[in-house]
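First the structure, in the form of structure tokens, and then the observations on it.
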Amino acid sequence: MAHAPRASRPIDPVLVVIPTYNERDNLPLVLDRLHRALPAVHALVVDDGSPDGTGELADKIAAGDDRVHVLHRTEKAGLGAAYVAGFRWGLERDYRTIVEMDADGSHAPEDLPRMLEALDDTDLVLGSRYVPGGSLVNWPKHRELLSRAANLYSRLALGVRIKDVTAGFRAYRREVLEKLPLEEIASRGYCFQIDLAWRTVRTGFDVVEVPITFTEREIGQSKMSGAIIREALLRVGLWGARHRAEQVRTLLRRR
């Protein structure tokens, strides 16, 4: 796929999409760190009707800071749906770069400047735990093993070379999200990250991994569940089977 020359594709302005569900205590800390690291970026809080008042707090912060915006959703419909809603909001405006970042403090905003710098030469930057220089802090060993296994499973099933294809800290150029069929994205949980990374690769865009420090949340509870894991296993397996079948059909047509 032919893309415009890198130098002619600015990355500013930047929008950081932050989905929230019961993150009242974490959200102000994350926004403060984000704007200390990158004062000019905008943040969009996508709240799924948090019963703890996260959405109302986000409104108060936004009322005093024109860099902060809030998108209210009426139900908890999953991480993927929240991000897609945030992407659409950003694409309706003039943002050139759209970033995914968790609200729980696991993604260090201080790593984002390096990620944006890397975006000068690529289309999608993943903040990776599993490339040289990446690290994990205070993460339970069983969670790390599960994550590494999920990444290995995804690489083998889908034939991608990305080390941390499940990474949730990432920066997209606008052109990538405009090209991807967001209306077809059905993945609800963390499988969404695998889905979008794989679609980005298959569409012909370039992906770069930048090492980050991933820190286990200190406040609140993880949203990971057995249902999310089962969804990822099932969907990735189906995608992989279809991908291999397409490869076989392509080989047969060439004979």
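To be explicit about the labels: the chains of the structure tokens are called A, B, and onward in the order shown, and within each one the residues are counted from 1, while ligands get numbers from 1 in the order they are shown.
Near segment 24-29 of chain A, within 7 Å and counting only C-alpha atoms, sit Arg33, Asp52, Gly53, Thr54, Leu57, Ala103, Asp104, Gly105 and Ile219 of chain A, not including residues fewer than 4 positions from it in the same chain.
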For the selection just defined, write its residues with N, CA, C and O atoms to a file, as a compact mmCIF listing (two decimals), in the first residue's frame.
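The resulting file, part_2.txt, is reproduced below:
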```
# COMPACT_ATOMS: atom_id res chain seq x y z
N ARG A 33 -0.80 13.66 35.26
CA ARG A 33 0.47 13.15 34.72
C ARG A 33 0.56 13.34 33.21
O ARG A 33 1.61 13.70 32.68
N ASP A 52 -19.69 4.91 40.37
CA ASP A 52 -18.93 5.59 41.42
C ASP A 52 -18.77 7.09 41.17
O ASP A 52 -18.11 7.79 41.93
N GLY A 53 -19.38 7.60 40.07
CA GLY A 53 -19.33 9.03 39.81
C GLY A 53 -18.15 9.48 38.98
O GLY A 53 -17.86 10.68 38.91
N THR A 54 -17.46 8.55 38.32
CA THR A 54 -16.32 8.93 37.48
C THR A 54 -16.73 9.93 36.40
O THR A 54 -16.03 10.91 36.14
N LEU A 57 -17.22 13.42 37.83
CA LEU A 57 -15.92 14.03 38.13
C LEU A 57 -15.23 14.49 36.85
O LEU A 57 -14.64 15.57 36.80
N ALA A 103 -7.03 4.16 32.14
CA ALA A 103 -7.23 5.14 33.20
C ALA A 103 -6.68 4.69 34.55
O ALA A 103 -6.70 5.45 35.51
N ASP A 104 -6.18 3.45 34.62
CA ASP A 104 -5.83 2.89 35.93
C ASP A 104 -4.39 3.16 36.37
O ASP A 104 -3.96 2.69 37.42
N GLY A 105 -3.63 3.89 35.56
CA GLY A 105 -2.25 4.19 35.91
C GLY A 105 -1.24 3.17 35.44
O GLY A 105 -0.03 3.36 35.65
N ILE A 219 -4.82 1.40 42.63
CA ILE A 219 -6.15 1.74 43.13
C ILE A 219 -7.20 1.05 42.27
O ILE A 219 -7.13 1.08 41.04
```
List as CSV every residue of segment 21-121 of chain A that is in contact with segment 159-167 of chain A, defined as an atom at most 12 Å from one of its atoms (using only C-alpha atoms), together with the nearest atom pair and the distance in Å rounded to one decimal, sorted by chain and then rising number.
```
residue,atom,partner,partner_atom,distance
A:Glu100,CA,A:Ala167,CA,9.7
A:Met101,CA,A:Ala167,CA,9.9
A:Asp102,CA,A:Ala167,CA,10.6
A:Ser106,CA,A:Ala167,CA,11.3
A:His107,CA,A:Ala167,CA,10.1
```
Could you please take those selected residues and save C-alpha atoms as a PDB file, in the first residue's frame?
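For reference, result13.pdb as written:
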```pdb
ATOM      1  CA  GLU A 100      -5.322   4.621  23.511  1.00  0.00           C
ATOM      2  CA  MET A 101      -4.456   4.801  27.202  1.00  0.00           C
ATOM      3  CA  ASP A 102      -5.872   3.100  30.306  1.00  0.00           C
ATOM      4  CA  SER A 106      -0.744   1.088  34.328  1.00  0.00           C
ATOM      5  CA  HIS A 107       0.273   3.106  31.260  1.00  0.00           C
TER       6      HIS A 107
END
```
### Summary
Students should find that atom CA of Glu75 of chain A and atom CA of Thr20 of chain A are spaced 11.4 Å
### Task
For segment 121-128 of chain A, work out the shell of residues within 7 Å, counting only C-alpha atoms and skipping chain neighbours fewer than 3 positions away, then give it as an NGL selection string.
:A and (6 or 115 or 118 or 131 or 134 or 164 or 167 or 169-173 or 176 or 205-212)
### Query
When DSSP works through the backbone of this structure, what residues of segment 23-233 of chain A end up as strand (DSSP E), shown as an MDAnalysis selection string?
chainID A and resid 42:47 68:72 97:100 124:128 135:137 170:173 207:211 213:215
### Query
Quick one: distance from atom CA of Ile194 of chain A to atom CA of Ser154 of chain A in Å, one decimal?
7.7 Å
### Message
Can you tell me which residues surround segment 78-82 of chain A at a distance of at most 10 Å, considering only C-alpha atoms, apart from same-chain residues fewer than 4 positions away, and format the answer as a PyMOL selection string?
### Response
chain A and resi 17-21+45-48+71-73+86-87+102+182+185-193+195-196+223+228
Residues as selected, N, CA, C and O atoms, written as a short mmCIF file (atom, residue, chain, number, x, y, z; two decimals), in the first residue's frame, can you do that?
```cif
data_model
loop_
_atom_site.label_atom_id
_atom_site.label_comp_id
_atom_site.auth_asym_id
_atom_site.auth_seq_id
_atom_site.Cartn_x
_atom_site.Cartn_y
_atom_site.Cartn_z
N VAL A 17 -7.53 8.96 24.12
CA VAL A 17 -8.83 8.40 24.50
C VAL A 17 -8.64 7.53 25.75
O VAL A 17 -7.83 6.60 25.74
N ILE A 18 -9.40 7.84 26.80
CA ILE A 18 -9.26 7.15 28.09
C ILE A 18 -10.63 6.59 28.50
O ILE A 18 -11.47 7.32 29.04
N PRO A 19 -10.89 5.30 28.26
CA PRO A 19 -12.15 4.71 28.72
C PRO A 19 -12.16 4.57 30.24
O PRO A 19 -11.12 4.28 30.86
N THR A 20 -13.31 4.78 30.86
CA THR A 20 -13.40 4.65 32.30
C THR A 20 -14.65 3.89 32.72
O THR A 20 -15.71 4.02 32.10
N TYR A 21 -14.47 3.12 33.77
CA TYR A 21 -15.60 2.51 34.49
C TYR A 21 -15.14 2.35 35.93
O TYR A 21 -14.24 1.56 36.22
N VAL A 45 -12.33 11.50 27.87
CA VAL A 45 -12.75 10.47 28.83
C VAL A 45 -14.04 9.86 28.32
O VAL A 45 -15.04 10.57 28.13
N VAL A 46 -14.02 8.56 28.06
CA VAL A 46 -15.21 7.85 27.59
C VAL A 46 -15.73 7.03 28.77
O VAL A 46 -15.19 5.97 29.09
N ASP A 47 -16.77 7.53 29.42
CA ASP A 47 -17.27 6.88 30.62
C ASP A 47 -18.52 6.06 30.34
O ASP A 47 -19.48 6.56 29.75
N ASP A 48 -18.48 4.81 30.78
CA ASP A 48 -19.59 3.89 30.54
C ASP A 48 -20.57 3.87 31.71
O ASP A 48 -20.93 2.82 32.25
N LEU A 71 -17.14 11.98 26.99
CA LEU A 71 -18.18 11.31 26.20
C LEU A 71 -18.88 10.32 27.14
O LEU A 71 -18.25 9.38 27.64
N HIS A 72 -20.16 10.54 27.38
CA HIS A 72 -20.92 9.68 28.29
C HIS A 72 -21.65 8.60 27.50
O HIS A 72 -22.31 8.89 26.50
N ARG A 73 -21.48 7.36 27.95
CA ARG A 73 -22.24 6.23 27.40
C ARG A 73 -23.11 5.68 28.52
O ARG A 73 -22.77 5.78 29.69
N GLY A 86 -14.78 6.52 21.09
CA GLY A 86 -13.78 7.58 21.21
C GLY A 86 -13.09 7.88 19.89
O GLY A 86 -12.83 9.06 19.56
N PHE A 87 -12.77 6.84 19.12
CA PHE A 87 -12.16 7.04 17.81
C PHE A 87 -13.08 7.87 16.91
O PHE A 87 -12.63 8.81 16.24
N ASP A 102 -5.03 3.52 29.20
CA ASP A 102 -5.87 3.10 30.31
C ASP A 102 -5.95 4.19 31.37
O ASP A 102 -5.02 4.99 31.53
N LEU A 182 -14.27 0.29 11.23
CA LEU A 182 -14.62 0.32 12.66
C LEU A 182 -16.01 -0.23 12.92
O LEU A 182 -16.28 -0.78 13.99
N ILE A 185 -16.01 -3.94 13.86
CA ILE A 185 -15.30 -4.41 15.04
C ILE A 185 -16.30 -4.88 16.08
O ILE A 185 -17.06 -4.10 16.64
N ALA A 186 -16.31 -6.19 16.34
CA ALA A 186 -17.26 -6.77 17.30
C ALA A 186 -16.59 -7.15 18.61
O ALA A 186 -17.29 -7.46 19.58
N SER A 187 -15.28 -7.15 18.66
CA SER A 187 -14.57 -7.54 19.87
C SER A 187 -14.88 -6.56 20.99
O SER A 187 -14.77 -5.35 20.82
N ARG A 188 -15.23 -7.10 22.16
CA ARG A 188 -15.66 -6.24 23.25
C ARG A 188 -14.57 -6.03 24.30
O ARG A 188 -14.39 -4.95 24.82
N GLY A 189 -13.81 -7.07 24.62
CA GLY A 189 -12.83 -6.98 25.69
C GLY A 189 -11.44 -6.68 25.16
O GLY A 189 -11.27 -5.98 24.15
N TYR A 190 -10.43 -7.25 25.82
CA TYR A 190 -9.05 -6.96 25.44
C TYR A 190 -8.68 -7.60 24.10
O TYR A 190 -7.66 -7.25 23.52
N CYS A 191 -9.53 -8.49 23.61
CA CYS A 191 -9.35 -9.04 22.27
C CYS A 191 -9.39 -7.93 21.21
O CYS A 191 -8.83 -8.06 20.13
N PHE A 192 -10.04 -6.83 21.57
CA PHE A 192 -10.11 -5.67 20.68
C PHE A 192 -8.72 -5.21 20.26
O PHE A 192 -8.52 -4.82 19.10
N GLN A 193 -7.77 -5.25 21.18
CA GLN A 193 -6.42 -4.79 20.86
C GLN A 193 -5.78 -5.67 19.79
O GLN A 193 -5.12 -5.18 18.86
N ASP A 195 -7.40 -7.50 17.62
CA ASP A 195 -8.19 -7.29 16.42
C ASP A 195 -7.67 -6.08 15.63
O ASP A 195 -7.38 -6.18 14.42
N LEU A 196 -7.53 -4.94 16.29
CA LEU A 196 -7.12 -3.73 15.58
C LEU A 196 -5.67 -3.80 15.10
O LEU A 196 -5.36 -3.33 14.00
N LYS A 223 -10.25 -5.16 35.41
CA LYS A 223 -11.47 -5.53 34.69
C LYS A 223 -11.33 -6.87 33.97
O LYS A 223 -12.27 -7.32 33.31
N ILE A 228 -13.62 -12.51 29.22
CA ILE A 228 -12.74 -11.76 28.31
C ILE A 228 -11.68 -12.68 27.73
O ILE A 228 -11.37 -12.63 26.53
#
```
### Query
Residues at most 7 Å from Val137 of chain A, counting only C-alpha atoms, excluding those fewer than 6 positions away in the same chain, as a PyMOL selection string?
chain A and resi 214-216
Once you have the residues from the selection above, write them out as a PDB file, in the first residue's frame, restricted to C-alpha atoms.
```pdb
ATOM      1  CA  PHE A 214       3.796  -1.262  32.594  1.00  0.00           C
ATOM      2  CA  THR A 215       2.820  -0.881  36.256  1.00  0.00           C
ATOM      3  CA  GLU A 216       0.090  -2.820  38.034  1.00  0.00           C
TER       4      GLU A 216
END
```
### Task
Going by DSSP on the backbone, which bits of segment 75-232 of chain A are helix (DSSP H, G or I)? Write them as an NGL selection string, please.
:A and (79-91 or 109-121 or 141-158 or 174-179 or 182-184 or 191-202 or 226-232)
Selection from above, C-alpha atoms, as a tab-separated table (two decimals), in the first residue's frame, can you write it?
```tsv
chain	number	residue	atom	x	y	z
A	79	LEU	CA	-13.49	-1.79	26.21
A	80	GLY	CA	-13.64	-2.18	22.44
A	81	ALA	CA	-16.97	-0.37	22.07
A	82	ALA	CA	-15.72	2.47	24.28
A	83	TYR	CA	-12.59	2.91	22.18
A	84	VAL	CA	-14.52	2.82	18.90
A	85	ALA	CA	-16.84	5.53	20.25
A	86	GLY	CA	-13.78	7.58	21.21
A	87	PHE	CA	-12.16	7.04	17.81
A	88	ARG	CA	-15.28	8.22	16.04
A	89	TRP	CA	-15.44	11.32	18.25
A	90	GLY	CA	-11.83	12.15	17.38
A	91	LEU	CA	-12.26	11.48	13.66
A	109	PRO	CA	1.99	9.06	30.33
A	110	GLU	CA	5.69	9.84	30.63
A	111	ASP	CA	6.29	7.18	27.94
A	112	LEU	CA	3.97	8.87	25.46
A	113	PRO	CA	6.44	11.49	24.14
A	114	ARG	CA	8.74	8.68	22.92
A	115	MET	CA	5.80	6.92	21.32
A	116	LEU	CA	4.74	10.07	19.48
A	117	GLU	CA	8.30	10.65	18.35
A	118	ALA	CA	8.36	7.14	16.86
A	119	LEU	CA	5.09	7.91	15.04
A	120	ASP	CA	7.01	10.29	12.78
A	121	ASP	CA	8.24	7.23	10.88
A	141	LYS	CA	3.39	-13.64	37.94
A	142	HIS	CA	0.26	-15.49	36.83
A	143	ARG	CA	-0.94	-12.39	34.97
A	144	GLU	CA	2.42	-12.03	33.23
A	145	LEU	CA	2.41	-15.70	32.19
A	146	LEU	CA	-1.15	-15.37	30.89
A	147	SER	CA	-0.21	-12.24	28.92
A	148	ARG	CA	2.89	-13.78	27.41
A	149	ALA	CA	0.95	-16.92	26.47
A	150	ALA	CA	-1.80	-14.83	24.86
A	151	ASN	CA	0.75	-12.94	22.78
A	152	LEU	CA	2.50	-16.14	21.68
A	153	TYR	CA	-0.83	-17.76	20.82
A	154	SER	CA	-1.85	-14.70	18.79
A	155	ARG	CA	1.47	-14.51	16.91
A	156	LEU	CA	1.29	-18.19	15.96
A	157	ALA	CA	-2.42	-18.12	15.05
A	158	LEU	CA	-2.34	-14.91	13.03
A	174	ARG	CA	-5.63	9.35	11.74
A	175	GLU	CA	-5.26	7.69	8.34
A	176	VAL	CA	-5.18	4.23	9.93
A	177	LEU	CA	-8.47	4.60	11.80
A	178	GLU	CA	-10.10	6.19	8.74
A	179	LYS	CA	-9.15	3.12	6.70
A	182	LEU	CA	-14.62	0.32	12.66
A	183	GLU	CA	-18.26	-0.60	12.12
A	184	GLU	CA	-17.21	-4.25	11.75
A	191	CYS	CA	-9.35	-9.04	22.27
A	192	PHE	CA	-10.11	-5.67	20.68
A	193	GLN	CA	-6.42	-4.79	20.86
A	194	ILE	CA	-5.42	-7.92	18.94
A	195	ASP	CA	-8.19	-7.29	16.42
A	196	LEU	CA	-7.12	-3.73	15.58
A	197	ALA	CA	-3.40	-4.48	15.47
A	198	TRP	CA	-3.97	-7.39	13.10
A	199	ARG	CA	-6.31	-5.38	10.89
A	200	THR	CA	-3.73	-2.59	10.77
A	201	VAL	CA	-1.04	-5.00	9.59
A	202	ARG	CA	-3.30	-6.68	7.04
A	226	GLY	CA	-12.71	-15.33	32.41
A	227	ALA	CA	-15.24	-14.21	29.79
A	228	ILE	CA	-12.74	-11.76	28.31
A	229	ILE	CA	-10.09	-14.48	28.10
A	230	ARG	CA	-12.52	-16.93	26.48
A	231	GLU	CA	-13.56	-14.33	23.91
A	232	ALA	CA	-9.93	-13.74	22.97
```
#### Entry: Between atom CA of Thr213 of chain A and atom CA of Tyr130 of chain A, distance in Å (one decimal)
9.9 Å
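Using only C-alpha atoms, the residues found no farther than 10 Å from Ala40 of chain A, other than those of its own chain fewer than 6 positions away, are Asp12, Pro13, Val14, Leu15, Leu34 and Arg67 of chain A.
The closest residue to Asn22 of chain A, picked from A:Ser50, A:Ser135, A:Thr74, A:Thr203 and counting only C-alpha atoms, is A:Ser50.
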